[in-house]
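Structure record follows, encoded as structure tokens.
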Amino acid sequence: MENVKFILVCLAIFAGLFLLALWLEKLVMKERKKLSDTHYITYTAVLSAVAGVLMLFEIPLFFAPSFYKLDLSELPVLICTFYLGPVAGVVSELLKVALKLILKGTTTAFVGDFANFAVGCSFVLPASVFYHSRPSRQRAVLGLVVGTLVMTVFGSAFNAVYLLPKFSALFGMPLDVIVGMGTKVNGAIQSVSTLVLFAVVPFNLLKGVVVSLLTMLLYKRVSPLLHLGDDRKKERKEAKKGK
């Protein structure tokens, strides 16, 4: 029964985030460039696949328990959502987690994988909305800053209220044992609230800062390759008009 409830919550949150992304996209991308379905699906799939592979490479953190590890899978997702919009960002988050589960499975009773999706969306959606509302480098930077802050607040609260208790229930590990894993790396961690304060908060901040910096470094270099398809489509249209 606990598993069924968890699955229903996952489905409900995905549906809610997808609908939110759809509404936000219509709100901020009224003059969205027209791309073919093939173009849209191909780029979303490719960048999601890269993100899924990056999820396999996890970096342990000295200040957090072993089940909190840093990965850079949000980098291709951000590139995807900056190029295609909020909906593509949410879909890419889901696809990367699905691919990771196919390739590696789960070690956290699916709770960590669900957390990666939900918390990742809390980073990607604000960044995408701020950027697409008035596309520019400054708006991209602002979006990444806001996304990092939203992810830190939401991710920390979500861990405290839902994810850690759910991990405890599904994984069969008492909360005090989970807290004890945090105590081993930081003596100041003595409760769920201090675990969140001294491990989850810095974890999300670090992830947001690192991924944001890499995105700003790479997006400008990758963008011309992404827009090659746009240019070719425009050339074909102009050629048809000329005939």
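If you're wondering about the labels, chains in the structure tokens are A, B, ... by order shown, residues count from 1 in each chain, ligands from 1 in order shown.
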**Study point:** All alpha helix (DSSP H) positions in range 12-226 of chain A, as JSON, numbers by chain
**Key:** {"A": [12, 13, 14, 15, 16, 17, 18, 19, 20, 21, 22, 23, 24, 25, 26, 27, 28, 37, 38, 39, 40, 41, 42, 43, 44, 45, 46, 47, 48, 49, 50, 51, 52, 53, 54, 74, 75, 76, 77, 78, 79, 80, 81, 82, 83, 84, 86, 87, 88, 89, 90, 91, 92, 93, 94, 95, 96, 97, 98, 99, 100, 101, 102, 103, 104, 111, 112, 113, 114, 115, 116, 117, 118, 119, 120, 121, 122, 123, 124, 125, 126, 127, 128, 129, 130, 131, 132, 133, 137, 138, 139, 140, 141, 142, 143, 144, 145, 146, 147, 148, 149, 150, 151, 152, 153, 154, 155, 156, 157, 158, 164, 165, 166, 167, 168, 169, 170, 171, 175, 176, 177, 178, 179, 180, 181, 182, 183, 184, 185, 192, 193, 194, 195, 201, 202, 203, 204, 205, 206, 207, 208, 209, 210, 211, 212, 213, 214, 215, 216, 217, 218, 219, 220, 221, 222, 223, 224, 225, 226]}
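The list of residues with at least one atom within 9 Å of range 175-180 of chain A, based on only C-alpha atoms and without residues fewer than 4 positions apart in the same chain, reads A:Pro65, A:Leu164, A:Pro165, A:Phe167, A:Ser168, A:Ala169, A:Lys184, A:Ile189, A:Gln190, A:Ser191, A:Val192, A:Thr194, A:Leu195.
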Proximity of range 88-203 of chain A to range 58-61 of chain A: per-residue shortest pair, 10 Å limit, only C-alpha atoms, as a tab-separated table:
```
residue	atom	partner	partner_atom	distance
A:Val185	CA	A:Leu61	CA	9.7
A:Ala199	CA	A:Leu61	CA	9.2
A:Phe203	CA	A:Leu61	CA	8.1
```
Writing out the chosen residues with N, CA and C atoms as an mmCIF file, in the first residue's frame:
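Contents of result18.cif, freshly written:
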```cif
data_model
loop_
_atom_site.group_PDB
_atom_site.id
_atom_site.type_symbol
_atom_site.label_atom_id
_atom_site.label_comp_id
_atom_site.auth_asym_id
_atom_site.auth_seq_id
_atom_site.Cartn_x
_atom_site.Cartn_y
_atom_site.Cartn_z
ATOM 1 N N VAL A 185 29.447 12.244 9.515
ATOM 2 C CA VAL A 185 30.226 13.168 8.688
ATOM 3 C C VAL A 185 30.223 14.584 9.256
ATOM 4 N N ALA A 199 23.318 19.552 5.473
ATOM 5 C CA ALA A 199 23.655 18.668 4.347
ATOM 6 C C ALA A 199 22.847 19.011 3.089
ATOM 7 N N PHE A 203 24.127 21.158 -0.197
ATOM 8 C CA PHE A 203 24.145 20.282 -1.368
ATOM 9 C C PHE A 203 23.431 20.946 -2.546
#
```
Selection near Val77 in chain A, 7 Å with only C-alpha atoms, sequence-local residues under 5 positions removed, as number ranges by chain
A: 47-48, 51, 89, 92-93
Expected file contents, prior selection, N, CA and C atoms, as a compact mmCIF listing (two decimals), in the first residue's frame:
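The result, stored in again.txt:
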```txt
# COMPACT_ATOMS: atom_id res chain seq x y z
N LEU A 47 19.38 15.38 -25.77
CA LEU A 47 19.86 16.05 -24.55
C LEU A 47 19.44 15.29 -23.30
N SER A 48 18.27 14.64 -23.33
CA SER A 48 17.83 13.81 -22.20
C SER A 48 18.74 12.60 -22.04
N ALA A 51 21.89 13.66 -20.43
CA ALA A 51 21.64 13.89 -19.01
C ALA A 51 21.54 12.57 -18.25
N GLY A 89 11.93 21.04 -20.76
CA GLY A 89 12.74 20.86 -19.55
C GLY A 89 12.16 19.81 -18.63
N SER A 92 12.44 16.37 -20.27
CA SER A 92 13.84 15.95 -20.24
C SER A 92 14.23 15.44 -18.85
N GLU A 93 13.74 16.10 -17.81
CA GLU A 93 14.00 15.64 -16.44
C GLU A 93 13.46 14.23 -16.24
```
Write out, as a Markdown table, each residue of range 19-124 of chain A that has an atom at most 12 Å from range 146-150 of chain A, together with the closest pair of atoms and their distance in Å to one decimal, counting only C-alpha atoms, rows going by chain and rising number.
```
| residue | atom | partner | partner_atom | distance |
| --- | --- | --- | --- | --- |
| A:Glu74 | CA | A:Thr148 | CA | 11.5 |
| A:Leu78 | CA | A:Gly147 | CA | 10.6 |
| A:Ala118 | CA | A:Val150 | CA | 11.9 |
| A:Val119 | CA | A:Val150 | CA | 9.2 |
| A:Gly120 | CA | A:Gly147 | CA | 9.4 |
| A:Cys121 | CA | A:Gly147 | CA | 9.2 |
| A:Ser122 | CA | A:Val150 | CA | 6.3 |
| A:Phe123 | CA | A:Gly147 | CA | 4.3 |
| A:Val124 | CA | A:Gly147 | CA | 6.4 |
```
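Of the residues under consideration (A:Lys96, A:Lys207, A:Arg134, A:Lys220), A:Lys220 shows the shortest atom-to-atom contact distance to Ile79 in chain A when counting only C-alpha atoms.
Counting only C-alpha atoms, the residue from A:Leu56, A:Leu99, A:Val87, A:Leu226 that sits nearest to Leu22 in chain A is A:Val87.
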Judged by only C-alpha atoms, the minimum distance to Glu2 in chain A among A:Phe171, A:Met216, A:Val211, A:Phe198 is found for A:Phe171
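Proximity to Leu218 in chain A at 10 Å, evaluated using only C-alpha atoms and with sequence-adjacent residues fewer than 4 positions away removed, yields A:Leu75, A:Pro76, A:Ile79, A:Ser212, A:Leu213, A:Leu214, A:Val222, A:Ser223.
Put simply, CA of Pro202 in chain A is 9.5 Å away from CA of Ser156 in chain A.
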Selection: 10 Å around range 5-17 of chain A, only C-alpha atoms, excl. self and same-chain fewer than 4 positions, as a CSV table (one decimal) with N, CA and C atoms, in the first residue's frame:
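What landed in around_36.csv:
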```csv
chain,number,residue,atom,x,y,z
A,1,MET,N,0.8,-1.2,0.0
A,1,MET,CA,0.0,0.0,0.0
A,1,MET,C,0.9,1.3,0.0
A,21,ALA,N,4.3,23.7,-16.5
A,21,ALA,CA,5.3,24.0,-17.5
A,21,ALA,C,4.5,24.4,-18.8
A,22,LEU,N,3.4,23.7,-19.1
A,22,LEU,CA,2.6,24.1,-20.3
A,22,LEU,C,2.0,25.5,-20.2
A,23,TRP,N,1.5,25.8,-19.0
A,23,TRP,CA,0.9,27.1,-18.8
A,23,TRP,C,2.0,28.2,-18.8
A,86,PRO,N,10.0,25.5,-21.3
A,86,PRO,CA,9.7,24.8,-20.0
A,86,PRO,C,9.2,23.4,-20.1
A,87,VAL,N,8.3,23.1,-21.1
A,87,VAL,CA,7.8,21.8,-21.2
A,87,VAL,C,8.9,20.8,-21.6
A,90,VAL,N,10.8,19.9,-18.4
A,90,VAL,CA,10.2,18.9,-17.5
A,90,VAL,C,10.3,17.5,-18.1
A,91,VAL,N,10.0,17.4,-19.4
A,91,VAL,CA,10.0,16.1,-20.1
A,91,VAL,C,11.5,15.5,-20.1
A,94,LEU,N,12.3,14.0,-16.7
A,94,LEU,CA,11.6,12.7,-16.6
A,94,LEU,C,12.4,11.6,-17.4
A,110,PHE,N,13.7,4.1,-5.2
A,110,PHE,CA,13.2,5.1,-6.2
A,110,PHE,C,12.9,6.5,-5.6
A,111,VAL,N,13.1,6.6,-4.3
A,111,VAL,CA,12.9,7.9,-3.7
A,111,VAL,C,13.9,9.0,-4.2
A,114,PHE,N,13.1,9.9,-7.8
A,114,PHE,CA,11.9,10.9,-7.8
A,114,PHE,C,12.4,12.2,-7.3
A,115,ALA,N,13.2,12.3,-6.3
A,115,ALA,CA,13.7,13.5,-5.7
A,115,ALA,C,14.5,14.3,-6.8
A,117,PHE,N,14.1,14.2,-10.0
A,117,PHE,CA,13.2,14.7,-11.0
A,117,PHE,C,12.5,16.0,-10.4
A,118,ALA,N,11.9,15.8,-9.2
A,118,ALA,CA,11.1,16.9,-8.7
A,118,ALA,C,11.9,18.1,-8.3
A,121,CYS,N,13.2,19.9,-11.4
A,121,CYS,CA,12.2,20.7,-12.1
A,121,CYS,C,12.1,22.1,-11.3
A,122,SER,N,12.3,22.0,-10.0
A,122,SER,CA,12.2,23.3,-9.3
A,122,SER,C,13.4,24.2,-9.6
A,125,LEU,N,12.6,25.0,-14.1
A,125,LEU,CA,11.4,25.8,-14.5
A,125,LEU,C,11.6,27.3,-14.3
A,166,LYS,N,9.7,9.3,3.7
A,166,LYS,CA,9.3,8.3,2.7
A,166,LYS,C,10.5,7.3,2.4
A,170,LEU,N,10.0,3.3,2.9
A,170,LEU,CA,10.2,2.4,1.7
A,170,LEU,C,11.5,1.6,1.8
```
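Minimum atom-to-atom distance to Leu101 in chain A, evaluated using only C-alpha atoms, belongs to A:Gly52 out of A:Gly52, A:Leu20, A:Asn116, A:Phe67.
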Exercise. From the DSSP assignment of the backbone, select every residue of range 1-208 of chain A that is strand (DSSP E), and format the answer as a PyMOL selection string.
Key: chain A and resi 59-60+69-70
If you count only C-alpha atoms, the residue of A:Ser133, A:Gly112, A:Cys80, A:Lys100 closest to Tyr219 in chain A turns out to be A:Cys80
